[in-house]
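Following: one structure in structure tokens, then a few remarks.
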Amino acid sequence: MELIINHTRKTFEILPENLEALLAIELPGKKKGIAVALNNRIIPLSAWAETILNNQDSILIITATQGG
């Protein structure tokens, strides 16, 4: 199974069951300062656990950084 994460194909033996599970793998322990789009649609934090992933989904993860 494949997902396209930040324009890079990533293969999973078993696809994470939802967006929250994927983010726990990609950014462990981080929930604040993250914006996520699934197939060009922004998904709010409140919907991560109920957002099911499918093979070939395109996910854009943007994290806030400090600095100027």
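Residues are referred to by chain and number: the chain letter is A, B, ... according to the order shown in the structure tokens, the number counts from 1 in that chain, and ligands are numbered separately from 1 in the order shown.
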Which of chain A fall in strand (DSSP E or B), as a PyMOL selection string: chain A and resi 2-5+8-11+18+34-38+41-43+52+58-63
In segment 12-44 of chain A, DSSP helix (DSSP H, G or I) residues written as a PyMOL selection string: chain A and resi 19-26
Exercise: Ala21 of chain A partners within 12 Å, only C-alpha atoms, chain neighbours under 5 positions left out, as a count of residues only: 15
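Take the candidates A:Ile42, A:Ala64, A:Ile59, A:Asn54 and check each one against Met1 of chain A using only C-alpha atoms; the shortest distance goes to A:Asn54.
Distance-wise, atom CA of Thr65 of chain A and atom CA of Phe12 of chain A end up 27.8 Å apart.
With only C-alpha atoms as the basis for measurement, A:Leu19 is the residue among A:Glu13, A:Leu19, A:Ile62, A:Thr8 that approaches Ser46 of chain A most closely.
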Residues near Asn39 of chain A, cut-off 9 Å, only C-alpha atoms, skip fewer than 4 positions along chain, as number ranges by chain: A: 57-60
Atoms kept (all heavy atoms) for selection, written as a PDB file, in the first residue's frame:
```pdb
ATOM      1  N   ASP A  57      -3.577   7.825  -1.531  1.00  0.00           N
ATOM      2  CA  ASP A  57      -3.964   9.154  -1.052  1.00  0.00           C
ATOM      3  C   ASP A  57      -2.741  10.060  -1.042  1.00  0.00           C
ATOM      4  O   ASP A  57      -1.618   9.611  -0.807  1.00  0.00           O
ATOM      5  CB  ASP A  57      -4.540   9.091   0.368  1.00  0.00           C
ATOM      6  CG  ASP A  57      -6.022   8.759   0.393  1.00  0.00           C
ATOM      7  OD1 ASP A  57      -6.687   8.843  -0.667  1.00  0.00           O
ATOM      8  OD2 ASP A  57      -6.518   8.432   1.490  1.00  0.00           O
ATOM      9  N   SER A  58      -2.980  11.342  -1.271  1.00  0.00           N
ATOM     10  CA  SER A  58      -1.926  12.342  -1.229  1.00  0.00           C
ATOM     11  C   SER A  58      -2.101  13.194   0.023  1.00  0.00           C
ATOM     12  O   SER A  58      -3.175  13.767   0.235  1.00  0.00           O
ATOM     13  CB  SER A  58      -2.001  13.224  -2.479  1.00  0.00           C
ATOM     14  OG  SER A  58      -1.009  14.216  -2.427  1.00  0.00           O
ATOM     15  N   ILE A  59      -1.070  13.231   0.858  1.00  0.00           N
ATOM     16  CA  ILE A  59      -1.137  13.931   2.138  1.00  0.00           C
ATOM     17  C   ILE A  59      -0.044  14.970   2.197  1.00  0.00           C
ATOM     18  O   ILE A  59       1.120  14.678   1.909  1.00  0.00           O
ATOM     19  CB  ILE A  59      -0.988  12.929   3.308  1.00  0.00           C
ATOM     20  CG1 ILE A  59      -2.133  11.926   3.247  1.00  0.00           C
ATOM     21  CG2 ILE A  59      -0.967  13.640   4.647  1.00  0.00           C
ATOM     22  CD1 ILE A  59      -1.761  10.567   3.668  1.00  0.00           C
ATOM     23  N   LEU A  60      -0.425  16.172   2.548  1.00  0.00           N
ATOM     24  CA  LEU A  60       0.540  17.255   2.736  1.00  0.00           C
ATOM     25  C   LEU A  60       0.538  17.597   4.225  1.00  0.00           C
ATOM     26  O   LEU A  60      -0.515  17.912   4.782  1.00  0.00           O
ATOM     27  CB  LEU A  60       0.162  18.471   1.898  1.00  0.00           C
ATOM     28  CG  LEU A  60       1.117  19.651   1.978  1.00  0.00           C
ATOM     29  CD1 LEU A  60       2.491  19.274   1.435  1.00  0.00           C
ATOM     30  CD2 LEU A  60       0.558  20.835   1.212  1.00  0.00           C
TER      31      LEU A  60
END
```
Nearest to Lys10 of chain A, chosen from A:Ile43, A:Gly33, A:Leu38, A:Gln56, with only C-alpha atoms counted in the distances: A:Gln56
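Of the listed residues A:Ile25, A:Ala37, A:Asn55, A:Leu45, the one whose atoms come nearest to Thr11 of chain A is A:Asn55, with distances taken using only C-alpha atoms.
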